[in-house]
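Okay, data-v6.pdb now, which holds PDB, C-alpha atoms and all ligand atoms:
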MODEL        1
ATOM      1  CA  MET A   1      26.600  64.759  30.522  1.00  0.00           C
ATOM      2  CA  THR A   2      24.711  67.344  32.444  1.00  0.00           C
ATOM      3  CA  GLY A   3      23.955  64.708  35.027  1.00  0.00           C
ATOM      4  CA  LYS A   4      27.614  64.681  35.984  1.00  0.00           C
ATOM      5  CA  ILE A   5      27.915  68.413  36.188  1.00  0.00           C
ATOM      6  CA  GLY A   6      27.798  69.967  39.591  1.00  0.00           C
ATOM      7  CA  THR A   7      28.411  66.853  41.620  1.00  0.00           C
ATOM      8  CA  ARG A   8      31.821  67.923  42.890  1.00  0.00           C
ATOM      9  CA  TYR A   9      30.917  71.185  44.529  1.00  0.00           C
ATOM     10  CA  GLY A  10      33.089  72.012  47.517  1.00  0.00           C
ATOM     11  CA  LYS A  11      35.643  69.239  47.103  1.00  0.00           C
ATOM     12  CA  HIS A  12      38.827  71.065  47.904  1.00  0.00           C
ATOM     13  CA  HIS A  13      41.095  68.454  46.418  1.00  0.00           C
ATOM     14  CA  ASP A  14      39.972  69.703  43.014  1.00  0.00           C
ATOM     15  CA  LEU A  15      42.165  72.693  43.623  1.00  0.00           C
ATOM     16  CA  ALA A  16      45.244  70.530  43.345  1.00  0.00           C
ATOM     17  CA  LYS A  17      44.309  69.562  39.804  1.00  0.00           C
ATOM     18  CA  ARG A  18      44.565  73.076  38.510  1.00  0.00           C
ATOM     19  CA  PRO A  19      47.415  73.223  36.032  1.00  0.00           C
ATOM     20  CA  LYS A  20      50.134  75.787  36.631  1.00  0.00           C
ATOM     21  CA  PRO A  21      49.568  78.551  34.100  1.00  0.00           C
ATOM     22  CA  ALA A  22      52.268  78.957  31.492  1.00  0.00           C
ATOM     23  CA  PRO A  23      53.896  82.377  31.249  1.00  0.00           C
ATOM     24  CA  ILE A  24      51.385  84.554  29.486  1.00  0.00           C
ATOM     25  CA  THR A  25      52.576  87.070  26.925  1.00  0.00           C
ATOM     26  CA  THR A  26      49.294  87.598  25.078  1.00  0.00           C
ATOM     27  CA  CYS A  27      46.073  89.246  26.189  1.00  0.00           C
ATOM     28  CA  TYR A  28      43.426  86.723  25.142  1.00  0.00           C
ATOM     29  CA  ILE A  29      40.745  89.418  25.176  1.00  0.00           C
ATOM     30  CA  CYS A  30      42.231  91.525  22.370  1.00  0.00           C
ATOM     31  CA  GLY A  31      44.762  89.038  21.012  1.00  0.00           C
ATOM     32  CA  GLU A  32      47.622  91.546  21.267  1.00  0.00           C
ATOM     33  CA  PRO A  33      50.908  91.123  23.180  1.00  0.00           C
ATOM     34  CA  LEU A  34      50.699  92.229  26.808  1.00  0.00           C
ATOM     35  CA  GLY A  35      53.778  94.412  26.219  1.00  0.00           C
ATOM     36  CA  ASP A  36      54.317  97.311  28.589  1.00  0.00           C
ATOM     37  CA  ARG A  37      50.664  98.201  29.024  1.00  0.00           C
ATOM     38  CA  PRO A  38      49.060  97.950  32.482  1.00  0.00           C
ATOM     39  CA  THR A  39      47.719  94.471  33.222  1.00  0.00           C
ATOM     40  CA  ASN A  40      45.672  92.638  35.808  1.00  0.00           C
ATOM     41  CA  ARG A  41      44.330  89.132  36.233  1.00  0.00           C
ATOM     42  CA  ASP A  42      41.050  88.233  34.626  1.00  0.00           C
ATOM     43  CA  HIS A  43      38.881  85.613  36.326  1.00  0.00           C
ATOM     44  CA  ILE A  44      37.322  82.996  34.066  1.00  0.00           C
ATOM     45  CA  PRO A  45      34.377  82.930  34.578  1.00  0.00           C
ATOM     46  CA  PRO A  46      33.815  86.403  36.069  1.00  0.00           C
ATOM     47  CA  ASP A  47      34.071  86.608  39.853  1.00  0.00           C
ATOM     48  CA  GLN A  48      30.667  88.286  39.960  1.00  0.00           C
ATOM     49  CA  ILE A  49      28.875  84.969  39.507  1.00  0.00           C
ATOM     50  CA  LEU A  50      29.567  84.120  43.154  1.00  0.00           C
ATOM     51  CA  PRO A  51      29.459  86.099  46.423  1.00  0.00           C
ATOM     52  CA  ALA A  52      32.749  86.464  48.249  1.00  0.00           C
ATOM     53  CA  SER A  53      31.265  84.552  51.228  1.00  0.00           C
ATOM     54  CA  ILE A  54      30.869  81.384  49.170  1.00  0.00           C
ATOM     55  CA  ARG A  55      34.223  81.844  47.486  1.00  0.00           C
ATOM     56  CA  ARG A  56      35.832  81.936  50.926  1.00  0.00           C
ATOM     57  CA  LYS A  57      33.744  79.103  52.391  1.00  0.00           C
ATOM     58  CA  TYR A  58      34.810  76.674  49.686  1.00  0.00           C
ATOM     59  CA  ALA A  59      38.199  78.237  48.903  1.00  0.00           C
ATOM     60  CA  ILE A  60      36.985  78.863  45.413  1.00  0.00           C
ATOM     61  CA  ASN A  61      39.367  80.492  43.027  1.00  0.00           C
ATOM     62  CA  PHE A  62      38.461  80.568  39.382  1.00  0.00           C
ATOM     63  CA  VAL A  63      41.182  80.253  36.788  1.00  0.00           C
ATOM     64  CA  THR A  64      42.849  83.555  36.005  1.00  0.00           C
ATOM     65  CA  ARG A  65      44.861  84.895  33.111  1.00  0.00           C
ATOM     66  CA  LYS A  66      46.853  88.092  32.855  1.00  0.00           C
ATOM     67  CA  VAL A  67      45.239  90.553  30.463  1.00  0.00           C
ATOM     68  CA  HIS A  68      45.402  94.238  29.631  1.00  0.00           C
ATOM     69  CA  LEU A  69      43.773  96.243  32.402  1.00  0.00           C
ATOM     70  CA  ALA A  70      41.872  98.311  29.857  1.00  0.00           C
ATOM     71  CA  CYS A  71      40.605  95.208  28.034  1.00  0.00           C
ATOM     72  CA  ASN A  72      39.425  93.695  31.298  1.00  0.00           C
ATOM     73  CA  ASP A  73      37.781  96.899  32.498  1.00  0.00           C
ATOM     74  CA  SER A  74      35.895  97.245  29.221  1.00  0.00           C
ATOM     75  CA  PHE A  75      33.874  94.164  30.190  1.00  0.00           C
ATOM     76  CA  LYS A  76      33.094  95.060  33.775  1.00  0.00           C
ATOM     77  CA  LEU A  77      29.646  96.588  33.261  1.00  0.00           C
ATOM     78  CA  ASP A  78      28.612  93.972  30.730  1.00  0.00           C
ATOM     79  CA  GLU A  79      29.644  91.225  33.160  1.00  0.00           C
ATOM     80  CA  GLU A  80      27.470  92.787  35.849  1.00  0.00           C
ATOM     81  CA  TYR A  81      24.628  92.889  33.354  1.00  0.00           C
ATOM     82  CA  PHE A  82      25.236  89.271  32.352  1.00  0.00           C
ATOM     83  CA  VAL A  83      25.077  88.021  35.943  1.00  0.00           C
ATOM     84  CA  HIS A  84      21.981  90.047  36.781  1.00  0.00           C
ATOM     85  CA  CYS A  85      20.209  88.694  33.717  1.00  0.00           C
ATOM     86  CA  LEU A  86      20.715  85.166  35.009  1.00  0.00           C
ATOM     87  CA  ILE A  87      20.157  85.652  38.737  1.00  0.00           C
ATOM     88  CA  PRO A  88      16.367  85.144  38.462  1.00  0.00           C
ATOM     89  CA  PHE A  89      17.129  81.575  37.371  1.00  0.00           C
ATOM     90  CA  ALA A  90      19.748  80.903  40.033  1.00  0.00           C
ATOM     91  CA  PRO A  91      17.847  79.862  43.209  1.00  0.00           C
ATOM     92  CA  GLY A  92      17.661  76.159  43.961  1.00  0.00           C
ATOM     93  CA  THR A  93      21.290  75.256  44.545  1.00  0.00           C
ATOM     94  CA  GLU A  94      23.691  76.458  47.235  1.00  0.00           C
ATOM     95  CA  ALA A  95      25.641  78.575  44.782  1.00  0.00           C
ATOM     96  CA  GLY A  96      22.485  79.839  43.110  1.00  0.00           C
ATOM     97  CA  ASP A  97      20.799  80.678  46.402  1.00  0.00           C
ATOM     98  CA  ALA A  98      23.907  82.558  47.507  1.00  0.00           C
ATOM     99  CA  ILE A  99      24.074  84.776  44.434  1.00  0.00           C
ATOM    100  CA  TRP A 100      20.328  85.365  44.674  1.00  0.00           C
ATOM    101  CA  ARG A 101      20.579  86.472  48.324  1.00  0.00           C
ATOM    102  CA  LYS A 102      23.508  88.731  47.500  1.00  0.00           C
ATOM    103  CA  ALA A 103      21.540  90.396  44.727  1.00  0.00           C
ATOM    104  CA  VAL A 104      18.466  90.911  46.899  1.00  0.00           C
ATOM    105  CA  THR A 105      20.572  92.283  49.778  1.00  0.00           C
ATOM    106  CA  GLU A 106      22.396  94.668  47.474  1.00  0.00           C
ATOM    107  CA  TYR A 107      19.185  95.765  45.870  1.00  0.00           C
ATOM    108  CA  ARG A 108      17.590  96.502  49.241  1.00  0.00           C
ATOM    109  CA  ALA A 109      20.716  98.486  50.136  1.00  0.00           C
ATOM    110  CA  GLY A 110      20.256 100.529  47.011  1.00  0.00           C
ATOM    111  CA  LYS A 111      23.165  99.004  45.114  1.00  0.00           C
ATOM    112  CA  ASN A 112      22.841  98.099  41.452  1.00  0.00           C
ATOM    113  CA  ARG A 113      19.254  99.396  41.369  1.00  0.00           C
ATOM    114  CA  PRO A 114      19.565 100.904  37.908  1.00  0.00           C
ATOM    115  CA  LEU A 115      20.954  97.633  36.604  1.00  0.00           C
ATOM    116  CA  VAL A 116      18.345  95.480  38.322  1.00  0.00           C
ATOM    117  CA  ASN A 117      15.600  97.797  37.147  1.00  0.00           C
ATOM    118  CA  LEU A 118      16.981  97.584  33.620  1.00  0.00           C
ATOM    119  CA  VAL A 119      16.985  93.802  33.759  1.00  0.00           C
ATOM    120  CA  LEU A 120      13.492  93.705  35.209  1.00  0.00           C
ATOM    121  CA  SER A 121      12.258  96.175  32.610  1.00  0.00           C
ATOM    122  CA  GLN A 122      13.236  93.570  30.060  1.00  0.00           C
ATOM    123  CA  ALA A 123      11.335  90.831  31.828  1.00  0.00           C
ATOM    124  CA  LYS A 124       8.103  89.855  30.176  1.00  0.00           C
ATOM    125  CA  GLU A 125       6.407  89.309  33.504  1.00  0.00           C
ATOM    126  CA  ARG A 126       7.264  91.532  36.394  1.00  0.00           C
ATOM    127  CA  VAL A 127       5.740  93.131  39.427  1.00  0.00           C
ATOM    128  CA  GLY A 128       7.154  96.512  40.281  1.00  0.00           C
ATOM    129  CA  ASP A 129      10.720  96.284  41.475  1.00  0.00           C
ATOM    130  CA  VAL A 130      10.402  92.872  43.068  1.00  0.00           C
ATOM    131  CA  TYR A 131      12.392  89.879  41.964  1.00  0.00           C
ATOM    132  CA  LEU A 132      10.109  87.256  40.562  1.00  0.00           C
ATOM    133  CA  PRO A 133      10.313  83.511  41.087  1.00  0.00           C
ATOM    134  CA  PRO A 134      12.491  82.007  38.380  1.00  0.00           C
ATOM    135  CA  ASP A 135       9.622  80.230  36.658  1.00  0.00           C
ATOM    136  CA  LYS A 136       7.872  83.555  36.128  1.00  0.00           C
ATOM    137  CA  VAL A 137      10.617  85.441  34.380  1.00  0.00           C
ATOM    138  CA  ALA A 138      11.396  85.382  30.700  1.00  0.00           C
ATOM    139  CA  LEU A 139      13.904  88.005  29.766  1.00  0.00           C
ATOM    140  CA  ASP A 140      14.563  89.793  26.535  1.00  0.00           C
ATOM    141  CA  TYR A 141      18.275  90.183  26.896  1.00  0.00           C
ATOM    142  CA  ASP A 142      20.359  92.914  25.395  1.00  0.00           C
ATOM    143  CA  LEU A 143      21.905  90.211  23.258  1.00  0.00           C
ATOM    144  CA  ASP A 144      24.970  92.185  22.229  1.00  0.00           C
ATOM    145  CA  ARG A 145      26.000  92.736  25.833  1.00  0.00           C
ATOM    146  CA  PHE A 146      25.072  89.221  26.894  1.00  0.00           C
ATOM    147  CA  GLU A 147      26.824  87.522  23.996  1.00  0.00           C
ATOM    148  CA  ARG A 148      29.891  89.707  24.442  1.00  0.00           C
ATOM    149  CA  VAL A 149      30.353  88.231  27.919  1.00  0.00           C
ATOM    150  CA  VAL A 150      29.623  84.647  26.854  1.00  0.00           C
ATOM    151  CA  SER A 151      32.174  85.057  24.075  1.00  0.00           C
ATOM    152  CA  LYS A 152      34.755  86.372  26.544  1.00  0.00           C
ATOM    153  CA  ILE A 153      34.219  83.435  28.907  1.00  0.00           C
ATOM    154  CA  VAL A 154      34.500  80.891  26.106  1.00  0.00           C
ATOM    155  CA  ARG A 155      37.544  82.584  24.594  1.00  0.00           C
ATOM    156  CA  GLY A 156      39.137  82.680  28.044  1.00  0.00           C
ATOM    157  CA  LEU A 157      38.528  78.987  28.664  1.00  0.00           C
ATOM    158  CA  TYR A 158      39.771  78.165  25.169  1.00  0.00           C
ATOM    159  CA  PHE A 159      42.909  80.198  25.805  1.00  0.00           C
ATOM    160  CA  CYS A 160      43.517  78.384  29.100  1.00  0.00           C
ATOM    161  CA  GLU A 161      43.213  75.020  27.386  1.00  0.00           C
ATOM    162  CA  THR A 162      45.077  75.700  24.175  1.00  0.00           C
ATOM    163  CA  GLU A 163      47.106  78.876  24.792  1.00  0.00           C
ATOM    164  CA  THR A 164      45.603  79.972  21.499  1.00  0.00           C
ATOM    165  CA  VAL A 165      43.610  83.140  21.071  1.00  0.00           C
ATOM    166  CA  ILE A 166      40.246  83.003  19.351  1.00  0.00           C
ATOM    167  CA  ASP A 167      39.985  86.069  17.135  1.00  0.00           C
ATOM    168  CA  PRO A 168      37.901  88.583  19.113  1.00  0.00           C
ATOM    169  CA  SER A 169      35.816  89.255  16.006  1.00  0.00           C
ATOM    170  CA  THR A 170      34.713  85.596  15.829  1.00  0.00           C
ATOM    171  CA  SER A 171      30.945  85.515  15.991  1.00  0.00           C
ATOM    172  CA  MET A 172      29.301  83.074  18.355  1.00  0.00           C
ATOM    173  CA  THR A 173      25.743  81.841  18.314  1.00  0.00           C
ATOM    174  CA  VAL A 174      24.554  81.844  21.906  1.00  0.00           C
ATOM    175  CA  PHE A 175      21.584  80.082  23.484  1.00  0.00           C
ATOM    176  CA  VAL A 176      20.392  80.231  27.078  1.00  0.00           C
ATOM    177  CA  ILE A 177      18.597  77.221  28.528  1.00  0.00           C
ATOM    178  CA  PRO A 178      16.983  78.221  31.840  1.00  0.00           C
ATOM    179  CA  PRO A 179      16.316  75.490  34.414  1.00  0.00           C
ATOM    180  CA  GLY A 180      13.219  73.444  33.729  1.00  0.00           C
ATOM    181  CA  ASN A 181      13.257  74.150  30.014  1.00  0.00           C
ATOM    182  CA  ASP A 182      13.549  71.399  27.446  1.00  0.00           C
ATOM    183  CA  PRO A 183      16.943  71.823  25.760  1.00  0.00           C
ATOM    184  CA  PRO A 184      16.945  72.564  22.039  1.00  0.00           C
ATOM    185  CA  ASP A 185      17.701  69.787  19.568  1.00  0.00           C
ATOM    186  CA  HIS A 186      21.276  70.957  18.966  1.00  0.00           C
ATOM    187  CA  TYR A 187      22.029  70.489  22.636  1.00  0.00           C
ATOM    188  CA  LYS A 188      20.500  67.026  22.751  1.00  0.00           C
ATOM    189  CA  GLU A 189      22.461  66.106  19.638  1.00  0.00           C
ATOM    190  CA  MET A 190      25.727  67.235  21.212  1.00  0.00           C
ATOM    191  CA  LEU A 191      25.054  65.136  24.311  1.00  0.00           C
ATOM    192  CA  LYS A 192      25.604  62.102  22.074  1.00  0.00           C
ATOM    193  CA  HIS A 193      29.244  63.113  21.639  1.00  0.00           C
ATOM    194  CA  PRO A 194      31.750  62.275  24.353  1.00  0.00           C
ATOM    195  CA  ALA A 195      32.789  65.331  26.318  1.00  0.00           C
ATOM    196  CA  GLU A 196      34.383  65.746  29.723  1.00  0.00           C
ATOM    197  CA  SER A 197      32.687  68.015  32.199  1.00  0.00           C
ATOM    198  CA  LYS A 198      35.344  70.495  33.304  1.00  0.00           C
ATOM    199  CA  GLY A 199      35.790  73.127  35.960  1.00  0.00           C
ATOM    200  CA  ASN A 200      37.502  73.292  39.339  1.00  0.00           C
ATOM    201  CA  HIS A 201      34.205  73.963  41.139  1.00  0.00           C
ATOM    202  CA  GLN A 202      31.513  72.358  39.042  1.00  0.00           C
ATOM    203  CA  GLY A 203      28.588  73.200  41.312  1.00  0.00           C
ATOM    204  CA  VAL A 204      29.322  76.835  40.589  1.00  0.00           C
ATOM    205  CA  PHE A 205      30.602  76.708  37.072  1.00  0.00           C
ATOM    206  CA  ALA A 206      31.160  73.796  34.730  1.00  0.00           C
ATOM    207  CA  TYR A 207      31.655  73.451  31.011  1.00  0.00           C
ATOM    208  CA  TRP A 208      32.165  70.930  28.282  1.00  0.00           C
ATOM    209  CA  TYR A 209      32.695  71.194  24.569  1.00  0.00           C
ATOM    210  CA  VAL A 210      32.753  69.238  21.368  1.00  0.00           C
ATOM    211  CA  ALA A 211      35.275  70.248  18.693  1.00  0.00           C
ATOM    212  CA  PHE A 212      34.765  69.047  15.143  1.00  0.00           C
ATOM    213  CA  ASP A 213      37.412  68.547  12.445  1.00  0.00           C
ATOM    214  CA  SER A 214      35.760  71.342  10.494  1.00  0.00           C
ATOM    215  CA  GLY A 215      36.778  73.798  13.210  1.00  0.00           C
ATOM    216  CA  VAL A 216      33.216  74.111  14.467  1.00  0.00           C
ATOM    217  CA  HIS A 217      33.019  74.176  18.252  1.00  0.00           C
ATOM    218  CA  TYR A 218      30.010  73.558  20.454  1.00  0.00           C
ATOM    219  CA  TRP A 219      30.487  74.752  24.023  1.00  0.00           C
ATOM    220  CA  ALA A 220      28.102  74.395  26.940  1.00  0.00           C
ATOM    221  CA  LEU A 221      28.511  76.368  30.177  1.00  0.00           C
ATOM    222  CA  LEU A 222      26.608  75.546  33.362  1.00  0.00           C
ATOM    223  CA  LEU A 223      26.193  78.264  35.991  1.00  0.00           C
ATOM    224  CA  TRP A 224      25.220  77.432  39.586  1.00  0.00           C
ATOM    225  CA  ASP A 225      24.198  73.969  38.385  1.00  0.00           C
ATOM    226  CA  LYS A 226      21.081  75.706  37.037  1.00  0.00           C
ATOM    227  CA  VAL A 227      21.475  77.697  33.846  1.00  0.00           C
ATOM    228  CA  ILE A 228      22.975  76.264  30.663  1.00  0.00           C
ATOM    229  CA  ILE A 229      24.469  78.574  28.058  1.00  0.00           C
ATOM    230  CA  THR A 230      25.674  77.214  24.754  1.00  0.00           C
ATOM    231  CA  ALA A 231      27.965  78.842  22.207  1.00  0.00           C
ATOM    232  CA  ILE A 232      28.568  77.677  18.657  1.00  0.00           C
ATOM    233  CA  PHE A 233      31.459  79.100  16.665  1.00  0.00           C
ATOM    234  CA  LYS A 234      34.160  78.205  14.187  1.00  0.00           C
ATOM    235  CA  VAL A 235      37.881  78.491  14.613  1.00  0.00           C
ATOM    236  CA  ASP A 236      40.526  78.408  11.939  1.00  0.00           C
ATOM    237  CA  PRO A 237      42.731  76.477  11.757  1.00  0.00           C
ATOM    238  CA  PRO A 238      40.862  73.659  13.457  1.00  0.00           C
ATOM    239  CA  PRO A 239      42.442  72.240  16.618  1.00  0.00           C
ATOM    240  CA  ALA A 240      44.020  68.815  16.441  1.00  0.00           C
ATOM    241  CA  ALA A 241      42.850  67.670  19.852  1.00  0.00           C
ATOM    242  CA  ASP A 242      39.409  66.294  20.671  1.00  0.00           C
ATOM    243  CA  ALA A 243      38.463  66.218  17.007  1.00  0.00           C
ATOM    244  CA  THR A 244      35.252  64.367  16.279  1.00  0.00           C
ATOM    245  CA  GLU A 245      33.449  63.626  13.069  1.00  0.00           C
ATOM    246  CA  PRO A 246      30.180  65.609  12.882  1.00  0.00           C
TER     247      PRO A 246
HETATM  248 ZN    ZN B 301      44.109  93.279  25.556  1.00  0.00          ZN
ENDMDL
END

Will you turn the file into structure tokens for me?
Amino acid sequence: MTGKIGTRYGKHHDLAKRPKPAPITTCYICGEPLGDRPTNRDHIPPDQILPASIRRKYAINFVTRKVHLACNDSFKLDEEYFVHCLIPFAPGTEAGDAIWRKAVTEYRAGKNRPLVNLVLSQAKERVGDVYLPPDKVALDYDLDRFERVVSKIVRGLYFCETETVIDPSTSMTVFVIPPGNDPPDHYKEMLKHPAESKGNHQGVFAYWYVAFDSGVHYWALLLWDKVIITAIFKVDPPPAADATEP
């Protein structure tokens, strides 16, 4: 399945396939009605995974959903952290190279230095304040922050597909598979199940999932056609669609 991911990068006709969003009355982040509280549109996945230059070049617009402004803002710093954790693994594709260059340029300009330094301080191999080649970096993530963002992305995608909110307290087991690493057995096992690779711009961001009758979900996200992130969780009641026997 991963072989199919990322092969459609830059094909503008994909934009036409985007379904028109239904009127949204619920904030998927907190699960509460939007009501009269201030709102804005949340990008799924976060806009930060791609520089504006590439978004413009390929007319890339990620799916959005209206959410509470406060809910959305509460993720902003963690989303920056999430992206910076993964940038060392990004180079090698057009999208990955672009986000890498943006990070280096910003760092040289003095932007995001505390964040980059924090990320690098968690790297097992590092040289001063210099970005290392991706094969040299192994990060000890702040898992709570990292998983919080993965959970938000998955819950957002789930909401777009089903218009159903996953309870924000639902725990997800998250794995990161950097490029060049042998995937864990659970990932290989899931590749045996049929799953459609989804995403309007799959060279930047793609995902697929397997949903079991038990309510267990296995989701795989692919960023920049380089980094795979998986999330395992259980929903209740189980969805009727795409059910597969474990
Ligand atoms: Zn909310």

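This file, queried with the PyMOL selection byres (((chain A and resi 95) around 9) and not hetatm), gives the residues Ile49, Leu50, Pro51, Ile54, Ala90, Pro91, Gly92, Thr93, Glu94, Gly96, Asp97, Ala98, Ile99, Trp100, Gly203, Val204, Leu223, Trp224 and Asp225 of chain A.
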
Atom-to-atom span, atom CA of Cys71 of chain A and atom CA of Glu32 of chain A, Å
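Atom CA of Glu32 of chain A lies at a distance of 10.4 Å from atom CA of Cys71 of chain A.
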
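Shortest atom-to-atom contact with ligand ZN 301 (chain B) among A:Gly110, A:Pro184, A:Pro88, A:Gly31: A:Gly31, counting only C-alpha atoms and all ligand atoms.
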
Could I get the residue neighbourhood of ligand ZN 301 (chain B) at 10 Å, counting all atoms listed in the file, as a list in words?
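What falls inside 10 Å of ligand ZN 301 (chain B) is Thr26, Cys27, Tyr28, Ile29, Cys30, Gly31, Glu32, Pro33, Leu34, Gly35, Arg37, Pro38, Thr39, Lys66, Val67, His68, Leu69, Ala70, Cys71, Asn72 and Ser74 of chain A.
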
Save out the residues we just selected, C-alpha atoms, as a PDB file, keeping the file's coordinate frame.
ATOM      1  CA  THR A  26      49.294  87.598  25.078  1.00  0.00           C
ATOM      2  CA  CYS A  27      46.073  89.246  26.189  1.00  0.00           C
ATOM      3  CA  TYR A  28      43.426  86.723  25.142  1.00  0.00           C
ATOM      4  CA  ILE A  29      40.745  89.418  25.176  1.00  0.00           C
ATOM      5  CA  CYS A  30      42.231  91.525  22.370  1.00  0.00           C
ATOM      6  CA  GLY A  31      44.762  89.038  21.012  1.00  0.00           C
ATOM      7  CA  GLU A  32      47.622  91.546  21.267  1.00  0.00           C
ATOM      8  CA  PRO A  33      50.908  91.123  23.180  1.00  0.00           C
ATOM      9  CA  LEU A  34      50.699  92.229  26.808  1.00  0.00           C
ATOM     10  CA  GLY A  35      53.778  94.412  26.219  1.00  0.00           C
ATOM     11  CA  ARG A  37      50.664  98.201  29.024  1.00  0.00           C
ATOM     12  CA  PRO A  38      49.060  97.950  32.482  1.00  0.00           C
ATOM     13  CA  THR A  39      47.719  94.471  33.222  1.00  0.00           C
ATOM     14  CA  LYS A  66      46.853  88.092  32.855  1.00  0.00           C
ATOM     15  CA  VAL A  67      45.239  90.553  30.463  1.00  0.00           C
ATOM     16  CA  HIS A  68      45.402  94.238  29.631  1.00  0.00           C
ATOM     17  CA  LEU A  69      43.773  96.243  32.402  1.00  0.00           C
ATOM     18  CA  ALA A  70      41.872  98.311  29.857  1.00  0.00           C
ATOM     19  CA  CYS A  71      40.605  95.208  28.034  1.00  0.00           C
ATOM     20  CA  ASN A  72      39.425  93.695  31.298  1.00  0.00           C
ATOM     21  CA  SER A  74      35.895  97.245  29.221  1.00  0.00           C
TER      22      SER A  74
END

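Among the candidate residues A:Ile232, A:Asp142, A:Lys152, A:Gly215, the one lying nearest to Val174 of chain A is A:Ile232, with distances computed using only C-alpha atoms.
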
Find, counting all atoms listed in the file, the residue in A:Ile24, A:Val150, A:Thr230, A:Phe205 that gets nearest to His186 of chain A.
A:Thr230

Report as a VMD selection string the residues that result from applying the PyMOL selection byres (((chain A and resi 65) around 8) and not hetatm) to the structure here.
chain A and resid 21 24 41 to 44 63 to 64 66 to 67 156 160

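What separates atom CA of Ile177 of chain A from atom CA of Val227 of chain A is a distance of 6.1 Å.
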
Taking the file as shown, what set of residues would the PyMOL selection byres (((chain A and resi 77) around 12) and not hetatm) give back, as a list in words?
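Given this file, the PyMOL selection byres (((chain A and resi 77) around 12) and not hetatm) evaluates to Pro46, Gln48, Asn72, Asp73, Ser74, Phe75, Lys76, Asp78, Glu79, Glu80, Tyr81, Phe82, Val83, His84, Asn112, Pro114, Leu115, Arg145, Phe146, Arg148 and Val149 of chain A.
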
If the box runs along x, y and z of the file and leaves 4 Å on each side of segment 214-219 of chain A, what are its centre and edge lengths in Å, one decimal, as AutoDock Vina command-line options?
--center_x 33.4 --center_y 73.0 --center_z 17.3 --size_x 14.8 --size_y 11.4 --size_z 21.5

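As for atom CA of Ser151 of chain A and atom CA of Pro45 of chain A, they are spaced 10.9 Å apart.
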
Option closest in space to Val176 of chain A, from A:Val210, A:Leu86, A:Ile153, A:Met190 [counting only C-alpha atoms]:
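Between A:Val210, A:Leu86, A:Ile153, A:Met190, the residue approaching Val176 of chain A most closely is A:Leu86.
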
Determine, counting all atoms listed in the file, which protein, DNA and RNA residues have an atom within 12 Å of an atom of Tyr218 of chain A; residues of the same chain fewer than 6 positions away are not included. Present the result as an MDAnalysis selection string.
chainID A and resid 154 158 172:175 186:191 193 195 207:212 229:235 242:244 246

From the set A:Ser197, A:Arg155, A:Ile228, A:Asn181, which residue has the shortest atom-to-atom contact distance to Ser169 of chain A, counting all atoms listed in the file?
A:Arg155
